[in-house]
file upload-v8.cif (mmCIF, C-alpha atoms and all ligand atoms)
data_entry
loop_
_atom_site.label_atom_id
_atom_site.label_comp_id
_atom_site.auth_asym_id
_atom_site.auth_seq_id
_atom_site.Cartn_x
_atom_site.Cartn_y
_atom_site.Cartn_z
CA MET A 1 -3.53 16.49 -12.10
CA MET A 2 -1.73 14.66 -14.89
CA GLU A 3 -4.75 12.52 -15.82
CA ARG A 4 -6.72 15.65 -16.57
CA ALA A 5 -3.76 17.15 -18.46
CA THR A 6 -3.49 14.12 -20.77
CA ARG A 7 -7.21 13.82 -21.51
CA GLY A 8 -8.06 14.20 -25.19
CA LYS A 9 -4.60 13.36 -26.49
CA THR A 10 -3.69 10.16 -28.26
CA ALA A 11 -1.44 7.80 -26.35
CA GLU A 12 1.50 8.61 -28.61
CA GLU A 13 1.24 12.35 -27.96
CA VAL A 14 1.94 11.88 -24.28
CA ARG A 15 5.46 11.02 -23.22
CA PRO A 16 5.58 10.45 -19.47
CA VAL A 17 9.20 11.35 -18.97
CA GLU A 18 9.13 14.72 -20.67
CA ASN A 19 5.71 15.70 -19.35
CA ILE A 20 6.26 15.15 -15.64
CA GLU A 21 7.76 18.01 -13.70
CA LEU A 22 9.51 17.07 -10.48
CA PRO A 23 10.01 20.29 -8.56
CA THR A 24 10.13 18.76 -5.12
CA TRP A 25 11.12 15.09 -5.31
CA GLU A 26 14.39 14.45 -3.42
CA ARG A 27 13.72 11.04 -1.87
CA ARG A 28 16.10 8.11 -2.47
CA HIS A 29 14.15 5.44 -0.59
CA VAL A 30 10.51 4.54 0.10
CA LEU A 31 10.56 2.95 3.56
CA ASP A 32 7.28 4.18 5.07
CA LEU A 33 4.93 7.14 4.73
CA ASP A 34 5.67 8.60 8.17
CA ASP A 35 8.10 11.11 6.65
CA PHE A 36 6.24 11.74 3.38
CA SER A 37 4.87 15.25 2.88
CA ARG A 38 1.51 15.96 1.31
CA GLY A 39 3.38 17.31 -1.72
CA GLU A 40 5.28 14.07 -2.17
CA ILE A 41 2.11 11.95 -2.01
CA GLU A 42 0.49 14.30 -4.53
CA GLN A 43 3.54 13.90 -6.74
CA VAL A 44 3.16 10.10 -6.63
CA ILE A 45 -0.57 10.38 -7.46
CA GLU A 46 0.12 12.70 -10.35
CA THR A 47 2.96 10.59 -11.73
CA ALA A 48 0.87 7.41 -11.38
CA GLY A 49 -1.82 9.11 -13.51
CA ALA A 50 0.73 9.55 -16.29
CA MET A 51 1.86 5.95 -15.89
CA LYS A 52 -1.70 4.74 -16.16
CA GLU A 53 -1.85 6.40 -19.54
CA VAL A 54 1.24 4.42 -20.60
CA LEU A 55 -0.47 1.24 -19.42
CA SER A 56 -3.50 2.02 -21.60
CA ARG A 57 -1.40 2.09 -24.78
CA GLU A 58 -1.46 -0.75 -27.24
CA ILE A 59 2.27 -1.29 -26.74
CA ARG A 60 2.85 -1.01 -23.02
CA ARG A 61 6.58 -0.35 -23.08
CA VAL A 62 8.68 2.84 -22.75
CA PRO A 63 12.46 3.11 -22.55
CA THR A 64 12.42 5.44 -19.54
CA LEU A 65 14.43 3.19 -17.19
CA ARG A 66 16.64 1.55 -19.79
CA GLY A 67 19.94 0.69 -18.11
CA THR A 68 18.40 0.60 -14.62
CA ILE A 69 18.48 -2.73 -12.78
CA VAL A 70 15.57 -3.39 -10.40
CA VAL A 71 15.85 -6.37 -8.06
CA THR A 72 12.94 -7.79 -6.09
CA LEU A 73 14.11 -9.66 -2.97
CA PHE A 74 11.21 -11.34 -1.17
CA TYR A 75 11.59 -13.22 2.10
CA GLU A 76 7.80 -13.65 2.33
CA THR A 77 5.16 -14.76 -0.13
CA SER A 78 3.44 -12.24 -2.37
CA THR A 79 1.20 -12.23 -5.41
CA ARG A 80 0.23 -8.60 -5.93
CA THR A 81 3.20 -6.57 -4.74
CA ARG A 82 5.92 -8.61 -6.35
CA SER A 83 4.23 -9.15 -9.71
CA SER A 84 3.19 -5.51 -9.98
CA PHE A 85 6.71 -4.23 -9.20
CA GLU A 86 8.19 -6.58 -11.77
CA LEU A 87 5.66 -5.61 -14.40
CA ALA A 88 6.11 -1.91 -13.55
CA ALA A 89 9.88 -2.15 -14.01
CA LYS A 90 9.53 -4.04 -17.31
CA VAL A 91 7.02 -1.56 -18.74
CA LEU A 92 9.52 1.20 -17.99
CA GLY A 93 12.29 -0.69 -19.78
CA ALA A 94 14.36 -1.64 -16.72
CA ASP A 95 16.18 -4.94 -16.32
CA VAL A 96 14.46 -6.99 -13.64
CA VAL A 97 16.02 -9.65 -11.42
CA SER A 98 13.70 -11.60 -9.15
CA VAL A 99 15.09 -13.30 -6.03
CA ALA A 100 12.98 -15.44 -3.71
CA ALA A 101 14.73 -16.04 -0.40
CA THR A 102 13.50 -19.63 -0.39
CA ALA A 103 15.47 -20.32 -3.57
CA SER A 104 18.57 -18.23 -2.80
CA SER A 105 21.76 -18.51 -0.75
CA VAL A 106 19.72 -17.35 2.26
CA GLN A 107 19.04 -21.07 2.61
CA LYS A 108 22.81 -21.61 3.04
CA GLY A 109 22.96 -19.07 5.85
CA GLU A 110 23.71 -15.88 3.93
CA THR A 111 22.78 -12.79 5.93
CA LEU A 112 20.40 -10.08 4.75
CA ILE A 113 23.24 -7.59 4.35
CA ASP A 114 25.44 -10.06 2.45
CA SER A 115 22.53 -10.84 0.10
CA ALA A 116 21.85 -7.14 -0.44
CA ARG A 117 25.53 -6.32 -1.06
CA THR A 118 25.75 -9.24 -3.50
CA LEU A 119 22.82 -7.82 -5.45
CA GLN A 120 24.44 -4.39 -5.39
CA ALA A 121 27.66 -5.96 -6.74
CA ILE A 122 25.82 -7.34 -9.77
CA GLY A 123 24.65 -3.81 -10.52
CA ALA A 124 21.26 -3.43 -8.83
CA ASN A 125 20.17 0.20 -8.65
CA ILE A 126 16.80 -0.22 -6.95
CA LEU A 127 16.05 -2.99 -4.45
CA VAL A 128 12.43 -3.86 -3.66
CA ILE A 129 12.42 -5.89 -0.46
CA ARG A 130 9.81 -7.73 1.61
CA HIS A 131 10.97 -9.16 4.93
CA ARG A 132 9.30 -10.66 7.97
CA GLN A 133 11.40 -8.51 10.30
CA SER A 134 10.21 -4.96 10.88
CA GLY A 135 13.02 -2.56 10.00
CA ALA A 136 14.90 -4.85 7.58
CA PRO A 137 14.54 -2.44 4.61
CA TYR A 138 15.93 0.41 6.76
CA LEU A 139 19.04 -1.65 7.51
CA VAL A 140 19.61 -2.34 3.81
CA ALA A 141 19.08 1.33 2.94
CA ASP A 142 21.66 2.25 5.59
CA ARG A 143 24.29 -0.31 4.59
CA THR A 144 24.17 -0.19 0.77
CA ASP A 145 24.09 2.46 -1.95
CA MET A 146 20.95 1.15 -3.65
CA SER A 147 17.59 2.87 -3.55
CA VAL A 148 15.40 0.70 -1.33
CA ILE A 149 11.63 0.27 -1.54
CA ASN A 150 9.89 -1.42 1.37
CA ALA A 151 7.44 -3.98 -0.04
CA GLY A 152 6.27 -4.91 3.47
CA ASP A 153 8.29 -5.42 6.66
CA GLY A 154 6.79 -7.46 9.49
CA TRP A 155 3.87 -5.69 11.18
CA HIS A 156 5.49 -2.34 10.51
CA ALA A 157 4.86 -0.79 7.10
CA HIS A 158 3.66 -1.35 3.55
CA PRO A 159 4.03 2.11 2.04
CA THR A 160 3.40 1.22 -1.61
CA GLN A 161 0.06 -0.39 -0.66
CA ALA A 162 -0.96 2.80 1.15
CA LEU A 163 0.07 4.92 -1.84
CA LEU A 164 -1.97 2.82 -4.25
CA ASP A 165 -4.87 3.04 -1.81
CA ALA A 166 -4.55 6.84 -1.74
CA TYR A 167 -4.40 6.89 -5.53
CA THR A 168 -7.52 4.73 -5.81
CA ILE A 169 -9.48 6.89 -3.37
CA HIS A 170 -8.33 10.03 -5.18
CA GLN A 171 -9.44 8.61 -8.54
CA HIS A 172 -12.97 8.07 -7.26
CA LEU A 173 -13.51 10.78 -4.68
CA GLY A 174 -10.97 13.49 -5.56
CA ASP A 175 -9.29 15.39 -2.72
CA LEU A 176 -8.85 13.12 0.32
CA ARG A 177 -9.35 15.97 2.78
CA ASP A 178 -12.04 15.22 5.39
CA LYS A 179 -12.88 11.83 3.85
CA LYS A 180 -13.91 9.34 6.52
CA VAL A 181 -11.97 6.11 5.96
CA VAL A 182 -12.99 3.21 8.21
CA ILE A 183 -10.21 0.61 8.47
CA VAL A 184 -11.70 -2.56 9.91
CA GLY A 185 -10.10 -5.78 11.05
CA ASP A 186 -6.82 -6.91 12.51
CA ILE A 187 -5.24 -3.50 13.03
CA LEU A 188 -2.68 -4.85 15.51
CA HIS A 189 -0.82 -7.01 13.01
CA SER A 190 -1.43 -4.87 9.93
CA ARG A 191 1.43 -3.07 8.20
CA VAL A 192 -1.16 -1.88 5.67
CA ALA A 193 -3.14 -0.13 8.41
CA ARG A 194 -0.04 1.57 9.83
CA SER A 195 1.12 2.97 6.50
CA ASN A 196 -2.43 4.03 5.64
CA ILE A 197 -2.78 5.87 8.94
CA TRP A 198 0.27 7.97 8.01
CA GLY A 199 -0.71 8.46 4.39
CA LEU A 200 -4.35 9.28 5.05
CA THR A 201 -3.70 11.73 7.89
CA THR A 202 -1.01 13.49 5.85
CA MET A 203 -3.58 13.93 3.07
CA GLY A 204 -6.12 15.34 5.53
CA ALA A 205 -8.43 12.29 5.60
CA ARG A 206 -10.09 10.98 8.80
CA PRO A 207 -9.05 7.37 9.46
CA VAL A 208 -11.30 5.49 11.90
CA LEU A 209 -9.84 2.24 13.22
CA CYS A 210 -12.32 -0.51 13.99
CA GLY A 211 -11.91 -4.10 15.15
CA PRO A 212 -11.98 -6.37 18.18
CA PRO A 213 -10.20 -4.81 21.18
CA THR A 214 -7.75 -7.74 21.17
CA LEU A 215 -6.70 -6.86 17.61
CA MET A 216 -6.10 -3.16 18.34
CA PRO A 217 -2.57 -1.87 18.98
CA TRP A 218 -1.69 -0.99 22.54
CA GLY A 219 -3.09 2.40 23.52
CA PHE A 220 -5.81 2.44 20.85
CA GLN A 221 -8.95 2.27 22.96
CA PRO A 222 -12.31 3.82 21.98
CA GLY A 223 -12.14 7.54 22.58
CA TYR A 224 -8.48 7.68 21.60
CA ARG A 225 -7.70 11.00 19.97
CA GLY A 226 -3.93 11.02 19.79
CA ASN A 227 -1.34 9.78 22.21
CA GLU A 228 2.41 10.16 22.02
CA ASP A 229 2.91 6.61 23.32
CA THR A 230 1.47 4.91 20.22
CA GLY A 231 3.93 6.54 17.85
CA LEU A 232 1.13 7.15 15.35
CA PRO A 233 -0.79 10.30 14.46
CA PRO A 234 -4.24 11.02 15.93
CA VAL A 235 -7.01 8.74 14.65
CA GLU A 236 -10.46 7.79 15.83
CA VAL A 237 -11.02 4.35 17.34
CA ASP A 238 -14.34 2.51 17.57
CA THR A 239 -14.84 -1.19 18.30
CA ASP A 240 -18.47 -1.09 17.06
CA LEU A 241 -18.51 -1.43 13.25
CA ASP A 242 -22.21 -0.59 12.91
CA ARG A 243 -21.50 2.78 14.52
CA ALA A 244 -18.10 3.40 12.93
CA ILE A 245 -19.31 2.80 9.38
CA GLU A 246 -22.05 5.50 9.56
CA GLY A 247 -21.37 8.11 6.87
CA ALA A 248 -18.07 6.57 5.77
CA ASP A 249 -16.61 7.61 2.42
CA VAL A 250 -14.39 4.53 2.30
CA VAL A 251 -14.52 1.17 4.08
CA MET A 252 -11.21 -0.66 4.01
CA ALA A 253 -11.39 -4.23 5.28
CA LEU A 254 -8.15 -5.94 6.30
CA ARG A 255 -7.22 -9.59 6.01
CA LEU A 256 -7.94 -11.55 9.15
CA GLN A 257 -4.91 -13.71 9.76
CA LEU A 258 -6.63 -16.91 10.76
CA GLU A 259 -3.81 -17.99 13.05
CA ARG A 260 -4.98 -15.20 15.39
CA GLN A 261 -7.79 -17.42 16.55
CA GLN A 262 -5.33 -20.13 17.50
CA ALA A 263 -3.34 -17.49 19.38
CA GLY A 264 -6.43 -16.81 21.52
CA LEU A 265 -7.02 -13.30 20.19
CA LEU A 266 -10.48 -14.14 18.81
CA PRO A 267 -13.21 -16.19 20.46
CA SER A 268 -14.29 -17.64 17.09
CA ILE A 269 -14.36 -16.79 13.40
CA ARG A 270 -18.18 -16.95 13.56
CA GLU A 271 -18.16 -14.23 16.24
CA TYR A 272 -15.81 -12.11 14.13
CA ILE A 273 -18.08 -12.42 11.10
CA ARG A 274 -21.11 -11.45 13.18
CA LEU A 275 -19.50 -8.30 14.54
CA TYR A 276 -17.01 -7.19 11.90
CA GLN A 277 -17.79 -8.61 8.46
CA VAL A 278 -18.55 -5.90 5.91
CA ASP A 279 -21.78 -7.07 4.31
CA GLU A 280 -24.50 -5.30 2.31
CA GLU A 281 -26.49 -4.30 5.38
CA ARG A 282 -23.50 -2.70 7.05
CA LEU A 283 -22.23 -1.04 3.87
CA ALA A 284 -25.67 0.56 3.46
CA ARG A 285 -24.85 2.68 6.55
CA ALA A 286 -21.90 4.27 4.72
CA LYS A 287 -22.36 7.08 2.18
CA PRO A 288 -24.21 6.04 -1.02
CA ASN A 289 -21.04 6.38 -3.11
CA ALA A 290 -18.74 4.82 -0.51
CA LEU A 291 -15.87 2.65 -1.75
CA LEU A 292 -15.19 -0.86 -0.47
CA MET A 293 -11.47 -1.62 -0.41
CA HIS A 294 -9.30 -4.54 0.63
CA PRO A 295 -5.52 -4.87 0.15
CA GLY A 296 -5.79 -8.62 -0.46
CA PRO A 297 -5.43 -11.47 -0.20
CA ILE A 298 -9.07 -11.80 0.92
CA ASN A 299 -10.69 -14.46 3.06
CA GLU A 300 -13.97 -14.07 1.21
CA GLY A 301 -16.94 -14.68 3.47
CA ILE A 302 -14.96 -13.63 6.56
CA GLU A 303 -13.79 -10.00 6.29
CA VAL A 304 -16.26 -9.18 3.51
CA SER A 305 -19.31 -10.99 2.20
CA PRO A 306 -19.06 -12.30 -1.40
CA GLU A 307 -21.84 -9.90 -2.52
CA VAL A 308 -19.90 -6.91 -1.25
CA ALA A 309 -16.50 -8.15 -2.47
CA HIS A 310 -17.87 -8.39 -6.01
CA GLY A 311 -20.48 -5.64 -5.72
CA ALA A 312 -20.79 -2.26 -7.39
CA ARG A 313 -18.92 -0.42 -4.66
CA SER A 314 -15.94 -2.75 -4.60
CA VAL A 315 -12.71 -1.31 -6.00
CA ILE A 316 -10.60 -4.27 -4.92
CA GLU A 317 -9.52 -5.24 -8.43
CA GLU A 318 -8.87 -1.59 -9.28
CA GLN A 319 -6.52 -1.41 -6.31
CA VAL A 320 -4.51 -4.26 -7.81
CA ALA A 321 -4.46 -2.65 -11.27
CA ASN A 322 -3.50 0.74 -9.81
CA GLY A 323 -0.64 -0.95 -8.00
CA VAL A 324 1.23 -1.26 -11.28
CA ALA A 325 0.87 2.45 -12.11
CA VAL A 326 1.81 3.58 -8.61
CA ARG A 327 4.87 1.31 -8.54
CA MET A 328 5.90 2.57 -11.99
CA ALA A 329 5.65 6.09 -10.58
CA LEU A 330 7.85 5.23 -7.60
CA LEU A 331 10.49 3.47 -9.70
CA TYR A 332 10.51 6.43 -12.05
CA LEU A 333 10.79 9.01 -9.29
CA LEU A 334 13.56 7.12 -7.47
CA ALA A 335 15.52 6.47 -10.66
CA ARG A 336 15.50 10.21 -11.36
CA GLN A 337 17.21 10.76 -8.01
CA ARG A 338 20.10 8.42 -8.68
N1 LIG B 401 -1.56 -6.54 -0.58
C1 LIG B 401 -0.44 -7.30 -0.68
O1 LIG B 401 0.63 -6.94 -0.21
O2 LIG B 401 -0.61 -8.47 -1.36
P1 LIG B 401 0.53 -9.55 -1.64
O3 LIG B 401 0.91 -10.17 -0.32
O4 LIG B 401 -0.09 -10.54 -2.59
O5 LIG B 401 1.72 -8.85 -2.23
#
call {"tool": "encode", "arguments": {"input": "upload-v8.cif", "output": "C-alpha cells"}}
result
Amino acid sequence: MMERATRGKTAEEVRPVENIELPTWERRHVLDLDDFSRGEIEQVIETAGAMKEVLSREIRRVPTLRGTIVVTLFYETSTRTRSSFELAAKVLGADVVSVAATASSVQKGETLIDSARTLQAIGANILVIRHRQSGAPYLVADRTDMSVINAGDGWHAHPTQALLDAYTIHQHLGDLRDKKVVIVGDILHSRVARSNIWGLTTMGARPVLCGPPTLMPWGFQPGYRGNEDTGLPPVEVDTDLDRAIEGADVVMALRLQLERQQAGLLPSIREYIRLYQVDEERLARAKPNALLMHPGPINEGIEVSPEVAHGARSVIEEQVANGVAVRMALLYLLARQR
C-alpha cells in the first residue's frame, strides 16, 4: 500500500502524481459502489494514502489538478461532504465553484439538467452533486459530458462516505476480509448503509444490519441471507443489538432521523435509546480493538452515548479527516480519465 511505500521519506521526496500507478482505473463517474470492483476500491484506498501524505506537508498544495474546474452543486445541506470536496479540490490545485441550490436559479424554476448544463458551459469538468431525489446524479451523468460524483442522493447512495469508511477501517484493521461490521440504526432511510453494504461485501467484510424492524428495508427480516428482491447483496440481519454486536470488529451507528418518530416508525426515542444506543456496556461485547464509527451528523446521546462518541475506540473525527484524502483520491483518479 502507498502509505507503507512512502514511510521514511520526507514529504518533498514523495510526489503523488508520479508515484501512483493506475493500471486498472477506467471509471468516469462515481455514482454508487454497486459496480465497483475490489481492485477499484483498493486503488482508492492506496491513492488516498498518498493524498494523506500530501495533507501532512507544511504546505498543503500541489498543482496536480491545475486547469481542472470542480463544481459542487448541493440541493441538500451538508457540512462534511461539501467542505471536504472543496478542500480536496483546492489542495490539488483545481478551481472550485460552489453552488447551493437555495441561492441559485433553481429558485427561479431552473431544472436540474439546465443547471448542470449551465455549469458545464462555464467549463466544469467534475460535478459533485447532492440531491434529495434518488437517481439525480445518474441523470446528470447521462445528459452531460462532465464527470459526476454522487455526494448523496435521497435514500439511495453515498459512495464517497462508504469509501472513506472502508479507508478508515483499512487504516486500523488492515484487510477488510471477514471483518464483522455491525451497522445499527435507521437502515431503511440510510444511503450510507446502502453504499456500505456494497463496499463492504465487495471487500469481503461481513456487514450485519441491526435496528428496529420498522426501520429495516423491505425483505430484510432476521435470518435474511440474500434475496434477489431486495436488490442488495447478502448480509446478516439482527434486530437485537446486544446479540448482533458480539465479536464485532466495527460498530457503525447511523443517524436517527428524528422525524421518523413523528412518522410513527418508532414508539419513542427513549425506547430507541434503550434498545439500540451504542454505549460502553454494549461496546464491551464487541472485540477489544473494535472501532466505533458514525458518518455524522450525530445526535449525541441517542445513537451513541457521549462516553462512546468521544471514547478511545471512536474514529468519528478520523472519518471526517480521511474524507478529504479519499475525495482528493477520487478527484485525482477521475481527472486522469478525462
Ligand atoms: N456524512 C455526511 O454526509 O455528512 P454531511 O451531511 O455533513 O455532508
call {"tool": "residues_near_ligand", "arguments": {"input": "upload-v8.cif", "ligand": "ligand LIG 401 (chain B)", "cutoff": "8 Å", "atoms": "all atoms listed in the file", "output": "compact mmCIF listing (two decimals) with C-alpha atoms, keeping the file's coordinate frame"}}
result
# COMPACT_ATOMS: atom_id res chain seq x y z
CA THR A 77 5.16 -14.76 -0.13
CA SER A 78 3.44 -12.24 -2.37
CA THR A 79 1.20 -12.23 -5.41
CA ARG A 80 0.23 -8.60 -5.93
CA THR A 81 3.20 -6.57 -4.74
CA ARG A 82 5.92 -8.61 -6.35
CA SER A 83 4.23 -9.15 -9.71
CA ALA A 151 7.44 -3.98 -0.04
CA GLY A 152 6.27 -4.91 3.47
CA HIS A 158 3.66 -1.35 3.55
CA GLN A 161 0.06 -0.39 -0.66
CA VAL A 192 -1.16 -1.88 5.67
CA PRO A 295 -5.52 -4.87 0.15
CA GLY A 296 -5.79 -8.62 -0.46
CA PRO A 297 -5.43 -11.47 -0.20
call {"tool": "residues_around", "arguments": {"input": "upload-v8.cif", "residues": "A:Arg143", "least_positions_apart": "2", "cutoff": "12 Å", "atoms": "all atoms listed in the file", "output": "list in words"}}
result
Leu112, Ile113, Asp114, Ser115, Ala116, Arg117, Gln120, Ala136, Pro137, Tyr138, Leu139, Val140, Ala141, Asp145, Met146, Ser147 and Val148 of chain A
call {"tool": "closest_residue", "arguments": {"input": "upload-v8.cif", "among": "A:Val250, A:Leu164, A:Val208, A:Val97", "to": "A:Gln221", "atoms": "all atoms listed in the file"}}
result
A:Val208
call {"tool": "closest_residue", "arguments": {"input": "upload-v8.cif", "among": "A:Thr202, A:Ser105, A:Thr111, A:Ser84", "to": "A:Asp35", "atoms": "all atoms listed in the file"}}
result
A:Thr202
call {"tool": "atom_distance", "arguments": {"input": "upload-v8.cif", "atom1": "atom CA of A:Val181", "atom2": "atom CA of A:Val304"}}
result
16.1 Å
call {"tool": "residues_around", "arguments": {"input": "upload-v8.cif", "residues": "A:Ser190", "least_positions_apart": "4", "cutoff": "9 Å", "atoms": "all atoms listed in the file", "output": "JSON, numbers by chain"}}
result
{"A": [154, 155, 156, 157, 158, 185, 186, 194, 195, 254, 255]}
call {"tool": "residues_around", "arguments": {"input": "upload-v8.cif", "residues": "stretch 56-66 of chain A", "least_positions_apart": "5", "cutoff": "6 Å", "atoms": "all atoms listed in the file", "output": "count of residues only"}}
result
5
call {"tool": "residues_around", "arguments": {"input": "upload-v8.cif", "residues": "A:Leu241", "least_positions_apart": "5", "cutoff": "10 Å", "atoms": "only C-alpha atoms", "output": "ChimeraX atom specification"}}
result
/A:182-185,209-212,246,275-278,282
call {"tool": "closest_residue", "arguments": {"input": "upload-v8.cif", "among": "A:Gly219, A:Asp32, A:Leu87, A:His189", "to": "A:Gly135", "atoms": "all atoms listed in the file"}}
result
A:Asp32
call {"tool": "closest_residue", "arguments": {"input": "upload-v8.cif", "among": "A:Leu200, A:Lys179, A:Phe220, A:His29", "to": "A:Thr144", "atoms": "only C-alpha atoms"}}
result
A:His29
call {"tool": "closest_residue", "arguments": {"input": "upload-v8.cif", "among": "A:Ile316, A:Asn150, A:Tyr167, A:Gln107", "to": "A:Ala329", "atoms": "all atoms listed in the file"}}
result
A:Tyr167
call {"tool": "decode", "arguments": {"input": "upload-v8.cif", "residues": "stretch 232-240 of chain A", "atoms": "all heavy atoms", "output": "CSV table (one decimal), in the first residue's frame"}}
result
chain,number,residue,atom,x,y,z
A,232,LEU,N,-30.0,-6.0,-3.1
A,232,LEU,CA,-28.7,-5.8,-2.4
A,232,LEU,C,-28.0,-7.1,-2.2
A,232,LEU,O,-28.7,-8.2,-2.2
A,232,LEU,CB,-28.9,-5.1,-1.0
A,232,LEU,CG,-29.3,-3.6,-1.1
A,232,LEU,CD1,-29.9,-3.1,0.3
A,232,LEU,CD2,-28.0,-2.8,-1.4
A,233,PRO,N,-26.7,-7.1,-2.0
A,233,PRO,CA,-26.0,-8.4,-1.8
A,233,PRO,C,-26.4,-9.0,-0.4
A,233,PRO,O,-26.9,-8.4,0.5
A,233,PRO,CB,-24.5,-8.0,-1.8
A,233,PRO,CG,-24.5,-6.6,-1.5
A,233,PRO,CD,-25.8,-6.0,-1.9
A,234,PRO,N,-26.0,-10.3,-0.2
A,234,PRO,CA,-26.4,-11.0,1.0
A,234,PRO,C,-25.7,-10.3,2.2
A,234,PRO,O,-24.5,-10.0,2.2
A,234,PRO,CB,-25.8,-12.4,0.8
A,234,PRO,CG,-25.7,-12.6,-0.6
A,234,PRO,CD,-25.4,-11.2,-1.2
A,235,VAL,N,-26.5,-10.1,3.3
A,235,VAL,CA,-26.0,-9.6,4.5
A,235,VAL,C,-26.7,-10.3,5.6
A,235,VAL,O,-27.8,-10.9,5.4
A,235,VAL,CB,-26.2,-8.0,4.7
A,235,VAL,CG1,-25.3,-7.2,3.8
A,235,VAL,CG2,-27.7,-7.7,4.4
A,236,GLU,N,-26.2,-10.2,6.9
A,236,GLU,CA,-26.9,-10.7,8.0
A,236,GLU,C,-27.8,-9.6,8.6
A,236,GLU,O,-27.5,-8.4,8.5
A,236,GLU,CB,-25.9,-11.2,9.1
A,236,GLU,CG,-25.1,-12.4,8.6
A,236,GLU,CD,-24.0,-12.7,9.6
A,236,GLU,OE1,-24.3,-12.6,10.9
A,236,GLU,OE2,-22.9,-13.0,9.2
A,237,VAL,N,-28.9,-10.0,9.2
A,237,VAL,CA,-29.9,-9.1,9.8
A,237,VAL,C,-30.2,-9.6,11.2
A,237,VAL,O,-30.4,-10.8,11.4
A,237,VAL,CB,-31.2,-9.0,8.9
A,237,VAL,CG1,-32.2,-8.1,9.6
A,237,VAL,CG2,-30.9,-8.5,7.5
A,238,ASP,N,-30.1,-8.6,12.1
A,238,ASP,CA,-30.5,-9.0,13.5
A,238,ASP,C,-31.1,-7.8,14.2
A,238,ASP,O,-30.5,-6.7,14.1
A,238,ASP,CB,-29.2,-9.4,14.3
A,238,ASP,CG,-29.5,-10.2,15.5
A,238,ASP,OD1,-30.7,-10.0,16.1
A,238,ASP,OD2,-28.7,-11.0,16.0
A,239,THR,N,-32.3,-7.9,14.7
A,239,THR,CA,-32.9,-6.7,15.4
A,239,THR,C,-32.5,-6.6,16.8
A,239,THR,O,-33.0,-5.7,17.5
A,239,THR,CB,-34.4,-6.8,15.2
A,239,THR,OG1,-34.9,-8.1,15.7
A,239,THR,CG2,-34.9,-6.6,13.8
A,240,ASP,N,-31.7,-7.5,17.4
A,240,ASP,CA,-31.2,-7.5,18.7
A,240,ASP,C,-29.8,-7.0,18.8
A,240,ASP,O,-28.9,-7.7,18.4
A,240,ASP,CB,-31.4,-8.9,19.4
A,240,ASP,CG,-30.9,-8.9,20.8
A,240,ASP,OD1,-30.1,-8.0,21.2
A,240,ASP,OD2,-31.4,-9.8,21.5
